[in-house]
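> Structure below; questions to follow.
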Amino acid sequence: MKYHMLAFFLGFICDCILGDPHIFPHPIRLIGTLITKTEKTLRQNEKTQNSAVMLWKGTILVIFVIASTVTVTSLLLLAAYCLNPYLGMALETLMTYQILAAKCLQVESMKVYQCLKKKDLVQARAALSMIVGRDTQHLCEEDIAKAAIETVAENTSDGVIAPMLYLAIGGPILGFFYKAVNTMDSMVGYRNDTYLYFGRTAAKLDDYINFIPARISAYLMIAAAFILERFQKCFSGKQALRIYKRDRKKHASPNSAQTESVCAGALGIRLAGDASYFGKTVSKPYIGDSLHSVTNQDIRRANHLMYLTAWLCEILCLAGMLFVSCQCIV
């Protein structure tokens, strides 16, 4: 257990300091390539196939990608630990580091912040387009900042807390299982003509595996808001809790508004609302109250909230792992 706890902690520290590594192929990109190639194979001659067939083929995609990811991860870890426990811990640390995305989320969202700070809306829209799925070409300064904040808030759960919880429970094997499902959802889990049936299994599975982590993330973020309030008056733990209770269900996804509502309340801003995707406007209810206008500074504050939430989860997970280790010894 001590090797797993050390790998869990060191992997988190590596992510906080280094972020997304570019010196070698990232496993999540490899999973994305596997999804793309498998989809291409499965969707041959799809014009002659009905919705039931596409739903079944989408299910095959999910099973194949998960099985491949888990098998490769398991074999690599098993081989490393069999050769040497420290080699196994090093590989587990590396995998943990690659699964988490706190630093990457901060770096990419702060690119938007820097562009807005320079009043360069063209570059801000370009930077934003790298982290959101909506159309960004015609967004104004406030809407650009809102979209960046929403991404930080939502991905605090999807990119940081949820994978951290799965890592704590089952190490990189369960961590990469989560990332495989999450990546499939981001690539094929759309409610449009192309993916309505083919991507349904991936989307539903992603909803299921994020249900509990999203709510844990929300409560950890509320705790973070209360802590930050003691140092920066721009945060409000009380408002975070109030808006969470009121607006946490204001999203088509059962999970996305959990942390988004907390972030909106903590910062005293209004998020969400109508957005354009692939040229079509999608109506969405607002989340939060507009106690002040959204500015680029709120992107920085959202990242502060994200990082403290991540640290609270890290401490909670390590405490849980230590408790389980003590129980096993007894």
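Every chain in the structure tokens has a letter given in the order shown (A, B, ...), and although residue numbers restart at 1 in each chain, ligands are simply numbered from 1 in the order shown.
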Do a neighbour search on A:His138 at 12 Å with only C-alpha atoms, toss out local chain neighbours closer than 2 positions, and write the hits as a count of residues only.

18

> Name all residues at most 7 Å from stretch 38-52 of chain A (count only C-alpha atoms; drop same-chain ones fewer than 4 positions away) and give them as number ranges by chain.

A: 34, 56-57, 61, 197

> Those selected residues, please, written with all heavy atoms and delivered as a JSON list (two decimals), in the first residue's frame.


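result33.json was written with the following content:
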[["chain", "number", "residue", "atom", "x", "y", "z"],
["A", 34, "LEU", "N", -7.23, 5.56, -30.66],
["A", 34, "LEU", "CA", -7.91, 4.25, -30.67],
["A", 34, "LEU", "C", -9.41, 4.43, -30.91],
["A", 34, "LEU", "O", -10.01, 3.67, -31.69],
["A", 34, "LEU", "CB", -7.66, 3.54, -29.34],
["A", 34, "LEU", "CG", -8.37, 2.19, -29.15],
["A", 34, "LEU", "CD1", -7.88, 1.17, -30.18],
["A", 34, "LEU", "CD2", -8.16, 1.67, -27.73],
["A", 56, "TRP", "N", -25.89, -0.49, -31.03],
["A", 56, "TRP", "CA", -25.11, -1.68, -30.73],
["A", 56, "TRP", "C", -23.63, -1.47, -31.08],
["A", 56, "TRP", "O", -22.74, -1.86, -30.31],
["A", 56, "TRP", "CB", -25.68, -2.87, -31.48],
["A", 56, "TRP", "CG", -24.88, -4.13, -31.36],
["A", 56, "TRP", "CD1", -24.29, -4.83, -32.35],
["A", 56, "TRP", "CD2", -24.56, -4.84, -30.14],
["A", 56, "TRP", "NE1", -23.63, -5.94, -31.86],
["A", 56, "TRP", "CE2", -23.79, -5.96, -30.50],
["A", 56, "TRP", "CE3", -24.87, -4.63, -28.80],
["A", 56, "TRP", "CZ2", -23.30, -6.87, -29.56],
["A", 56, "TRP", "CZ3", -24.38, -5.53, -27.86],
["A", 56, "TRP", "CH2", -23.61, -6.63, -28.25],
["A", 57, "LYS", "N", -23.36, -0.84, -32.20],
["A", 57, "LYS", "CA", -21.97, -0.59, -32.60],
["A", 57, "LYS", "C", -21.30, 0.39, -31.64],
["A", 57, "LYS", "O", -20.10, 0.26, -31.35],
["A", 57, "LYS", "CB", -21.91, -0.08, -34.04],
["A", 57, "LYS", "CG", -22.23, -1.15, -35.07],
["A", 57, "LYS", "CD", -21.79, -0.76, -36.46],
["A", 57, "LYS", "CE", -21.90, -1.93, -37.43],
["A", 57, "LYS", "NZ", -21.32, -1.64, -38.75],
["A", 61, "LEU", "N", -17.91, -0.22, -29.38],
["A", 61, "LEU", "CA", -16.82, 0.75, -29.24],
["A", 61, "LEU", "C", -16.43, 0.91, -27.78],
["A", 61, "LEU", "O", -15.24, 0.85, -27.43],
["A", 61, "LEU", "CB", -17.23, 2.10, -29.83],
["A", 61, "LEU", "CG", -16.29, 3.27, -29.54],
["A", 61, "LEU", "CD1", -15.04, 3.16, -30.41],
["A", 61, "LEU", "CD2", -16.96, 4.61, -29.76],
["A", 197, "TYR", "N", -27.25, 7.99, -31.64],
["A", 197, "TYR", "CA", -27.34, 6.57, -31.25],
["A", 197, "TYR", "C", -25.98, 5.95, -31.03],
["A", 197, "TYR", "O", -25.77, 5.21, -30.06],
["A", 197, "TYR", "CB", -28.12, 5.79, -32.31],
["A", 197, "TYR", "CG", -29.55, 6.25, -32.45],
["A", 197, "TYR", "CD1", -29.94, 7.05, -33.53],
["A", 197, "TYR", "CD2", -30.50, 5.91, -31.50],
["A", 197, "TYR", "CE1", -31.25, 7.49, -33.64],
["A", 197, "TYR", "CE2", -31.81, 6.35, -31.61],
["A", 197, "TYR", "CZ", -32.18, 7.15, -32.68],
["A", 197, "TYR", "OH", -33.47, 7.59, -32.77]]

> Which residues come within 8 Å of A:Glu150, counting only C-alpha atoms, excluding same-chain residues fewer than 4 positions away, as a short mmCIF file (atom, residue, chain, number, x, y, z; two decimals) with all heavy atoms, in the first residue's frame?


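Here's the written file selection.cif:
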data_model
loop_
_atom_site.label_atom_id
_atom_site.label_comp_id
_atom_site.auth_asym_id
_atom_site.auth_seq_id
_atom_site.Cartn_x
_atom_site.Cartn_y
_atom_site.Cartn_z
N LYS A 146 -16.78 33.99 -19.40
CA LYS A 146 -17.77 33.06 -18.84
C LYS A 146 -17.50 31.63 -19.30
O LYS A 146 -17.53 30.69 -18.50
CB LYS A 146 -19.19 33.47 -19.24
CG LYS A 146 -19.79 34.59 -18.43
CD LYS A 146 -21.14 35.01 -18.97
CE LYS A 146 -22.12 33.86 -19.04
NZ LYS A 146 -23.45 34.28 -19.52
N GLU A 154 -16.47 22.98 -14.57
CA GLU A 154 -16.94 21.64 -14.93
C GLU A 154 -15.80 20.62 -14.89
O GLU A 154 -15.97 19.51 -14.40
CB GLU A 154 -17.58 21.66 -16.32
CG GLU A 154 -18.15 20.32 -16.74
CD GLU A 154 -18.87 20.36 -18.08
OE1 GLU A 154 -19.16 21.47 -18.58
OE2 GLU A 154 -19.12 19.27 -18.64
N GLU A 260 -20.37 23.71 -11.50
CA GLU A 260 -20.59 24.99 -12.15
C GLU A 260 -21.44 25.91 -11.28
O GLU A 260 -21.18 27.12 -11.18
CB GLU A 260 -21.27 24.77 -13.51
CG GLU A 260 -21.25 25.97 -14.43
CD GLU A 260 -21.75 25.66 -15.82
OE1 GLU A 260 -21.54 24.54 -16.31
OE2 GLU A 260 -22.38 26.56 -16.42
N LEU A 271 -23.50 32.29 -14.80
CA LEU A 271 -22.91 31.51 -15.87
C LEU A 271 -23.99 30.85 -16.71
O LEU A 271 -25.18 31.03 -16.46
CB LEU A 271 -21.98 30.44 -15.28
CG LEU A 271 -20.78 30.94 -14.46
CD1 LEU A 271 -20.04 29.76 -13.84
CD2 LEU A 271 -19.84 31.77 -15.31
N ALA A 272 -23.55 30.06 -17.71
CA ALA A 272 -24.45 29.31 -18.60
C ALA A 272 -25.26 30.25 -19.48
O ALA A 272 -24.76 31.27 -19.91
CB ALA A 272 -25.32 28.35 -17.81
#

> Which neighbours of A:Asp206 fall inside 9 Å, counting only C-alpha atoms, when residues of the same chain fewer than 6 positions from it are skipped, and could you give them as a VMD selection string?

chain A and resid 178 181 to 182 184 to 185 189

> What is the atom CA of A:Pro27 to atom CA of A:Glu108 distance in Å?

18.8 Å

> Pick the closest to A:Phe235 from A:Val72, A:Val262, A:Leu196, A:Ala148: which is it, counting only C-alpha atoms?

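Closest residue, counting only C-alpha atoms: A:Val262.
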
> Need to verify the contact set: A:Thr59, 9 Å, only C-alpha atoms, exclusion of same-chain residues closer than 3 positions in sequence. Can you return it as a CSV table (one decimal) with N, CA, C and O atoms, in the first residue's frame?


chain,number,residue,atom,x,y,z
A,54,MET,N,-26.7,1.1,-34.9
A,54,MET,CA,-25.7,2.1,-34.5
A,54,MET,C,-25.6,2.1,-33.0
A,54,MET,O,-24.5,2.3,-32.5
A,55,LEU,N,-26.6,1.9,-32.3
A,55,LEU,CA,-26.6,1.8,-30.8
A,55,LEU,C,-25.7,0.6,-30.4
A,55,LEU,O,-24.9,0.8,-29.5
A,56,TRP,N,-25.9,-0.5,-31.0
A,56,TRP,CA,-25.1,-1.7,-30.7
A,56,TRP,C,-23.6,-1.5,-31.1
A,56,TRP,O,-22.7,-1.9,-30.3
A,62,VAL,N,-17.4,1.1,-26.9
A,62,VAL,CA,-17.2,1.3,-25.5
A,62,VAL,C,-16.5,0.1,-24.9
A,62,VAL,O,-15.5,0.2,-24.2
A,63,ILE,N,-17.0,-1.1,-25.2
A,63,ILE,CA,-16.4,-2.3,-24.6
A,63,ILE,C,-15.0,-2.5,-25.1
A,63,ILE,O,-14.1,-2.8,-24.3
A,64,PHE,N,-14.7,-2.3,-26.4
A,64,PHE,CA,-13.4,-2.5,-26.9
A,64,PHE,C,-12.4,-1.5,-26.4
A,64,PHE,O,-11.3,-1.9,-26.0
A,198,PHE,N,-25.0,6.3,-31.9
A,198,PHE,CA,-23.7,5.7,-31.8
A,198,PHE,C,-23.0,6.1,-30.5
A,198,PHE,O,-22.3,5.3,-29.9
A,199,GLY,N,-23.2,7.3,-30.1
A,199,GLY,CA,-22.5,7.8,-28.9
A,199,GLY,C,-23.3,7.7,-27.6
A,199,GLY,O,-22.9,8.1,-26.5
A,200,ARG,N,-24.5,7.1,-27.6
A,200,ARG,CA,-25.4,7.1,-26.5
A,200,ARG,C,-24.8,6.2,-25.3
A,200,ARG,O,-24.9,6.6,-24.1
A,201,THR,N,-24.3,5.1,-25.6
A,201,THR,CA,-23.7,4.2,-24.5
A,201,THR,C,-22.6,4.9,-23.8
A,201,THR,O,-22.5,4.9,-22.6
A,202,ALA,N,-21.7,5.6,-24.6
A,202,ALA,CA,-20.6,6.3,-24.0
A,202,ALA,C,-21.1,7.4,-23.1
A,202,ALA,O,-20.6,7.6,-22.0

> Considering only C-alpha atoms, can you say which of A:Leu316, A:Ile227, A:Ala145, A:Cys234 comes closest to A:Val132?

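Using only C-alpha atoms, the shortest distance to A:Val132 belongs to A:Ala145.
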
> Within stretch 170-328 of chain A, find each residue whose DSSP state, derived from the backbone, is alpha helix (DSSP H), and express the selection as a ChimeraX atom specification.

/A:170-188,200-229,237-247,256-267,297-328

> Find, counting only C-alpha atoms, the residue in A:Leu167, A:Leu312, A:Ala257, A:Leu10 that gets nearest to A:Leu94.

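Using only C-alpha atoms, A:Leu94 sits closest to A:Leu10.
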
> Show me, as a VMD selection string, the residues that have an atom within 10 Å of A:Ala214 when counting only C-alpha atoms, minus same-chain residues fewer than 6 positions from it.

chain A and resid 154 to 158 161 to 162 207 220 254 to 259

> Write out the residues from the selection above, keeping all heavy atoms, as a compact mmCIF listing (two decimals), in the first residue's frame.


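Final output, saved to part.txt:
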# COMPACT_ATOMS: atom_id res chain seq x y z
N GLU A 154 -16.47 22.98 -14.57
CA GLU A 154 -16.94 21.64 -14.93
C GLU A 154 -15.80 20.62 -14.89
O GLU A 154 -15.97 19.51 -14.40
CB GLU A 154 -17.58 21.66 -16.32
CG GLU A 154 -18.15 20.32 -16.74
CD GLU A 154 -18.87 20.36 -18.08
OE1 GLU A 154 -19.16 21.47 -18.58
OE2 GLU A 154 -19.12 19.27 -18.64
N ASN A 155 -14.63 21.03 -15.39
CA ASN A 155 -13.51 20.09 -15.45
C ASN A 155 -12.78 19.93 -14.13
O ASN A 155 -11.89 19.08 -14.02
CB ASN A 155 -12.54 20.52 -16.56
CG ASN A 155 -13.06 20.16 -17.94
OD1 ASN A 155 -13.02 19.01 -18.35
ND2 ASN A 155 -13.58 21.15 -18.64
N THR A 156 -13.13 20.74 -13.13
CA THR A 156 -12.63 20.47 -11.79
C THR A 156 -13.08 19.09 -11.37
O THR A 156 -12.34 18.34 -10.72
CB THR A 156 -13.14 21.52 -10.79
OG1 THR A 156 -12.65 22.81 -11.15
CG2 THR A 156 -12.70 21.19 -9.37
N SER A 157 -14.29 18.72 -11.77
CA SER A 157 -14.78 17.38 -11.49
C SER A 157 -14.25 16.37 -12.51
O SER A 157 -13.58 15.40 -12.15
CB SER A 157 -16.31 17.35 -11.49
OG SER A 157 -16.80 16.05 -11.29
N ASP A 158 -14.49 16.61 -13.80
CA ASP A 158 -14.14 15.64 -14.83
C ASP A 158 -12.64 15.42 -14.98
O ASP A 158 -12.19 14.29 -15.25
CB ASP A 158 -14.69 16.10 -16.18
CG ASP A 158 -16.21 16.01 -16.24
OD1 ASP A 158 -16.82 15.57 -15.25
OD2 ASP A 158 -16.79 16.40 -17.27
N ILE A 161 -11.00 15.91 -9.88
CA ILE A 161 -11.52 15.21 -8.71
C ILE A 161 -11.97 13.79 -9.04
O ILE A 161 -11.61 12.84 -8.33
CB ILE A 161 -12.67 16.00 -8.06
CG1 ILE A 161 -12.22 17.42 -7.74
CG2 ILE A 161 -13.16 15.29 -6.80
CD1 ILE A 161 -11.02 17.52 -6.83
N ALA A 162 -12.77 13.62 -10.08
CA ALA A 162 -13.25 12.28 -10.43
C ALA A 162 -12.11 11.31 -10.72
O ALA A 162 -12.07 10.22 -10.14
CB ALA A 162 -14.22 12.36 -11.62
N ASP A 207 -22.17 9.53 -17.61
CA ASP A 207 -23.08 10.08 -16.59
C ASP A 207 -23.06 9.24 -15.32
O ASP A 207 -23.01 9.77 -14.21
CB ASP A 207 -24.51 10.15 -17.13
CG ASP A 207 -24.71 11.27 -18.13
OD1 ASP A 207 -23.87 12.18 -18.19
OD2 ASP A 207 -25.74 11.24 -18.86
N LEU A 220 -16.67 19.55 -1.96
CA LEU A 220 -15.28 19.95 -1.72
C LEU A 220 -15.05 21.38 -2.20
O LEU A 220 -14.33 22.16 -1.54
CB LEU A 220 -14.32 19.00 -2.44
CG LEU A 220 -14.18 17.60 -1.85
CD1 LEU A 220 -13.34 16.72 -2.78
CD2 LEU A 220 -13.53 17.66 -0.47
N PRO A 254 -26.79 15.35 -15.77
CA PRO A 254 -27.06 15.31 -14.33
C PRO A 254 -25.87 15.73 -13.48
O PRO A 254 -26.00 15.90 -12.27
CB PRO A 254 -27.40 13.83 -14.10
CG PRO A 254 -26.65 13.11 -15.16
CD PRO A 254 -26.71 14.00 -16.37
N ASN A 255 -24.71 15.92 -14.12
CA ASN A 255 -23.50 16.18 -13.36
C ASN A 255 -22.86 17.54 -13.61
O ASN A 255 -22.21 18.10 -12.72
CB ASN A 255 -22.46 15.10 -13.67
CG ASN A 255 -22.98 13.70 -13.39
OD1 ASN A 255 -23.63 13.45 -12.38
ND2 ASN A 255 -22.73 12.78 -14.31
N SER A 256 -23.01 18.10 -14.80
CA SER A 256 -22.25 19.28 -15.20
C SER A 256 -22.51 20.51 -14.34
O SER A 256 -21.61 21.31 -14.09
CB SER A 256 -22.52 19.61 -16.67
OG SER A 256 -22.04 18.58 -17.50
N ALA A 257 -23.75 20.69 -13.89
CA ALA A 257 -24.08 21.89 -13.13
C ALA A 257 -23.69 21.80 -11.66
O ALA A 257 -23.83 22.78 -10.92
CB ALA A 257 -25.58 22.20 -13.25
N GLN A 258 -23.21 20.66 -11.22
CA GLN A 258 -22.85 20.49 -9.82
C GLN A 258 -21.75 21.47 -9.42
O GLN A 258 -21.93 22.31 -8.53
CB GLN A 258 -22.41 19.05 -9.56
CG GLN A 258 -23.48 18.00 -9.83
CD GLN A 258 -24.60 18.02 -8.81
OE1 GLN A 258 -24.37 18.16 -7.62
NE2 GLN A 258 -25.82 17.86 -9.28
N THR A 259 -20.60 21.37 -10.06
CA THR A 259 -19.50 22.28 -9.72
C THR A 259 -19.69 23.65 -10.37
O THR A 259 -19.21 24.65 -9.83
CB THR A 259 -18.16 21.69 -10.18
OG1 THR A 259 -18.28 21.18 -11.52
CG2 THR A 259 -17.75 20.55 -9.26

> One decimal, Å: what's the distance from atom CA of A:Val70 over to atom CA of A:Ile173, could you say?

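Between atom CA of A:Val70 and atom CA of A:Ile173 the gap is 5.8 Å.
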
> Just give me the gap between atom CA of A:Ala225 and atom CA of A:Leu305 in Å, one decimal is fine.

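Answer for the atom CA of A:Ala225 to atom CA of A:Leu305 separation: 6.7 Å.
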
> Which residues are near A:Gly19? Cut-off 9 Å, only C-alpha atoms, ignore same chain within fewer than 6 positions. Put them as a ChimeraX atom specification.

/A:97-98,100-107

> Given the selection you just returned, output its residues as a file containing all heavy atoms, formatted as a PDB file, in the first residue's frame.


ATOM      1  N   TYR A  97       0.220  10.909 -12.786  1.00  0.00           N
ATOM      2  CA  TYR A  97       0.529  12.241 -13.293  1.00  0.00           C
ATOM      3  C   TYR A  97      -0.179  12.502 -14.625  1.00  0.00           C
ATOM      4  O   TYR A  97      -0.741  13.583 -14.855  1.00  0.00           O
ATOM      5  CB  TYR A  97       2.051  12.345 -13.405  1.00  0.00           C
ATOM      6  CG  TYR A  97       2.609  13.379 -14.337  1.00  0.00           C
ATOM      7  CD1 TYR A  97       2.101  14.673 -14.413  1.00  0.00           C
ATOM      8  CD2 TYR A  97       3.712  13.060 -15.136  1.00  0.00           C
ATOM      9  CE1 TYR A  97       2.660  15.609 -15.265  1.00  0.00           C
ATOM     10  CE2 TYR A  97       4.280  13.990 -15.978  1.00  0.00           C
ATOM     11  CZ  TYR A  97       3.751  15.273 -16.046  1.00  0.00           C
ATOM     12  OH  TYR A  97       4.308  16.195 -16.896  1.00  0.00           O
ATOM     13  N   GLN A  98      -0.199  11.497 -15.494  1.00  0.00           N
ATOM     14  CA  GLN A  98      -0.799  11.666 -16.816  1.00  0.00           C
ATOM     15  C   GLN A  98      -2.328  11.660 -16.777  1.00  0.00           C
ATOM     16  O   GLN A  98      -2.979  12.216 -17.656  1.00  0.00           O
ATOM     17  CB  GLN A  98      -0.304  10.564 -17.754  1.00  0.00           C
ATOM     18  CG  GLN A  98       1.182  10.680 -18.068  1.00  0.00           C
ATOM     19  CD  GLN A  98       1.713   9.478 -18.827  1.00  0.00           C
ATOM     20  OE1 GLN A  98       1.286   8.350 -18.598  1.00  0.00           O
ATOM     21  NE2 GLN A  98       2.643   9.702 -19.724  1.00  0.00           N
ATOM     22  N   LEU A 100      -4.254  12.935 -14.253  1.00  0.00           N
ATOM     23  CA  LEU A 100      -4.756  14.179 -13.678  1.00  0.00           C
ATOM     24  C   LEU A 100      -4.497  15.361 -14.621  1.00  0.00           C
ATOM     25  O   LEU A 100      -3.562  15.334 -15.414  1.00  0.00           O
ATOM     26  CB  LEU A 100      -4.116  14.431 -12.320  1.00  0.00           C
ATOM     27  CG  LEU A 100      -4.362  13.339 -11.269  1.00  0.00           C
ATOM     28  CD1 LEU A 100      -3.568  13.626  -9.993  1.00  0.00           C
ATOM     29  CD2 LEU A 100      -5.856  13.238 -10.958  1.00  0.00           C
ATOM     30  N   ALA A 101      -5.314  16.421 -14.492  1.00  0.00           N
ATOM     31  CA  ALA A 101      -5.212  17.513 -15.462  1.00  0.00           C
ATOM     32  C   ALA A 101      -5.401  18.895 -14.851  1.00  0.00           C
ATOM     33  O   ALA A 101      -5.853  19.811 -15.525  1.00  0.00           O
ATOM     34  CB  ALA A 101      -6.244  17.298 -16.577  1.00  0.00           C
ATOM     35  N   ALA A 102      -5.034  19.056 -13.580  1.00  0.00           N
ATOM     36  CA  ALA A 102      -5.222  20.355 -12.929  1.00  0.00           C
ATOM     37  C   ALA A 102      -4.351  21.439 -13.568  1.00  0.00           C
ATOM     38  O   ALA A 102      -4.843  22.528 -13.909  1.00  0.00           O
ATOM     39  CB  ALA A 102      -4.915  20.243 -11.436  1.00  0.00           C
ATOM     40  N   LYS A 103      -3.063  21.160 -13.725  1.00  0.00           N
ATOM     41  CA  LYS A 103      -2.150  22.147 -14.291  1.00  0.00           C
ATOM     42  C   LYS A 103      -2.525  22.488 -15.729  1.00  0.00           C
ATOM     43  O   LYS A 103      -2.507  23.668 -16.135  1.00  0.00           O
ATOM     44  CB  LYS A 103      -0.722  21.611 -14.231  1.00  0.00           C
ATOM     45  CG  LYS A 103       0.337  22.551 -14.793  1.00  0.00           C
ATOM     46  CD  LYS A 103       0.544  23.753 -13.912  1.00  0.00           C
ATOM     47  CE  LYS A 103       1.747  24.571 -14.377  1.00  0.00           C
ATOM     48  NZ  LYS A 103       2.035  25.705 -13.491  1.00  0.00           N
ATOM     49  N   CYS A 104      -2.854  21.482 -16.510  1.00  0.00           N
ATOM     50  CA  CYS A 104      -3.251  21.698 -17.907  1.00  0.00           C
ATOM     51  C   CYS A 104      -4.482  22.592 -17.982  1.00  0.00           C
ATOM     52  O   CYS A 104      -4.557  23.503 -18.806  1.00  0.00           O
ATOM     53  CB  CYS A 104      -3.513  20.357 -18.585  1.00  0.00           C
ATOM     54  SG  CYS A 104      -4.022  20.500 -20.311  1.00  0.00           S
ATOM     55  N   LEU A 105      -5.449  22.341 -17.106  1.00  0.00           N
ATOM     56  CA  LEU A 105      -6.668  23.143 -17.066  1.00  0.00           C
ATOM     57  C   LEU A 105      -6.346  24.593 -16.734  1.00  0.00           C
ATOM     58  O   LEU A 105      -6.882  25.521 -17.346  1.00  0.00           O
ATOM     59  CB  LEU A 105      -7.625  22.556 -16.022  1.00  0.00           C
ATOM     60  CG  LEU A 105      -9.017  23.164 -15.889  1.00  0.00           C
ATOM     61  CD1 LEU A 105      -9.764  23.125 -17.209  1.00  0.00           C
ATOM     62  CD2 LEU A 105      -9.793  22.419 -14.814  1.00  0.00           C
ATOM     63  N   GLN A 106      -5.449  24.794 -15.786  1.00  0.00           N
ATOM     64  CA  GLN A 106      -5.057  26.146 -15.419  1.00  0.00           C
ATOM     65  C   GLN A 106      -4.330  26.840 -16.573  1.00  0.00           C
ATOM     66  O   GLN A 106      -4.637  27.986 -16.913  1.00  0.00           O
ATOM     67  CB  GLN A 106      -4.155  26.124 -14.191  1.00  0.00           C
ATOM     68  CG  GLN A 106      -3.731  27.518 -13.735  1.00  0.00           C
ATOM     69  CD  GLN A 106      -2.352  27.544 -13.117  1.00  0.00           C
ATOM     70  OE1 GLN A 106      -1.573  26.602 -13.263  1.00  0.00           O
ATOM     71  NE2 GLN A 106      -2.028  28.616 -12.433  1.00  0.00           N
ATOM     72  N   VAL A 107      -3.365  26.152 -17.158  1.00  0.00           N
ATOM     73  CA  VAL A 107      -2.555  26.743 -18.224  1.00  0.00           C
ATOM     74  C   VAL A 107      -3.424  27.165 -19.405  1.00  0.00           C
ATOM     75  O   VAL A 107      -3.311  28.291 -19.921  1.00  0.00           O
ATOM     76  CB  VAL A 107      -1.462  25.753 -18.686  1.00  0.00           C
ATOM     77  CG1 VAL A 107      -0.809  26.237 -19.980  1.00  0.00           C
ATOM     78  CG2 VAL A 107      -0.415  25.586 -17.600  1.00  0.00           C
TER      79      VAL A 107
END

> Have a look at A:Ala127, A:Leu322, A:Leu174, A:Leu308 and name the one nearest to A:Ala223; count only C-alpha atoms.

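For A:Ala223, the nearest of the given residues is A:Leu308.
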
> Of the residues A:Gln297, A:Ser261, A:Thr183, A:Thr71, which is the one nearest to A:Tyr219, using only C-alpha atoms?

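Result for the nearest residue to A:Tyr219: A:Ser261.
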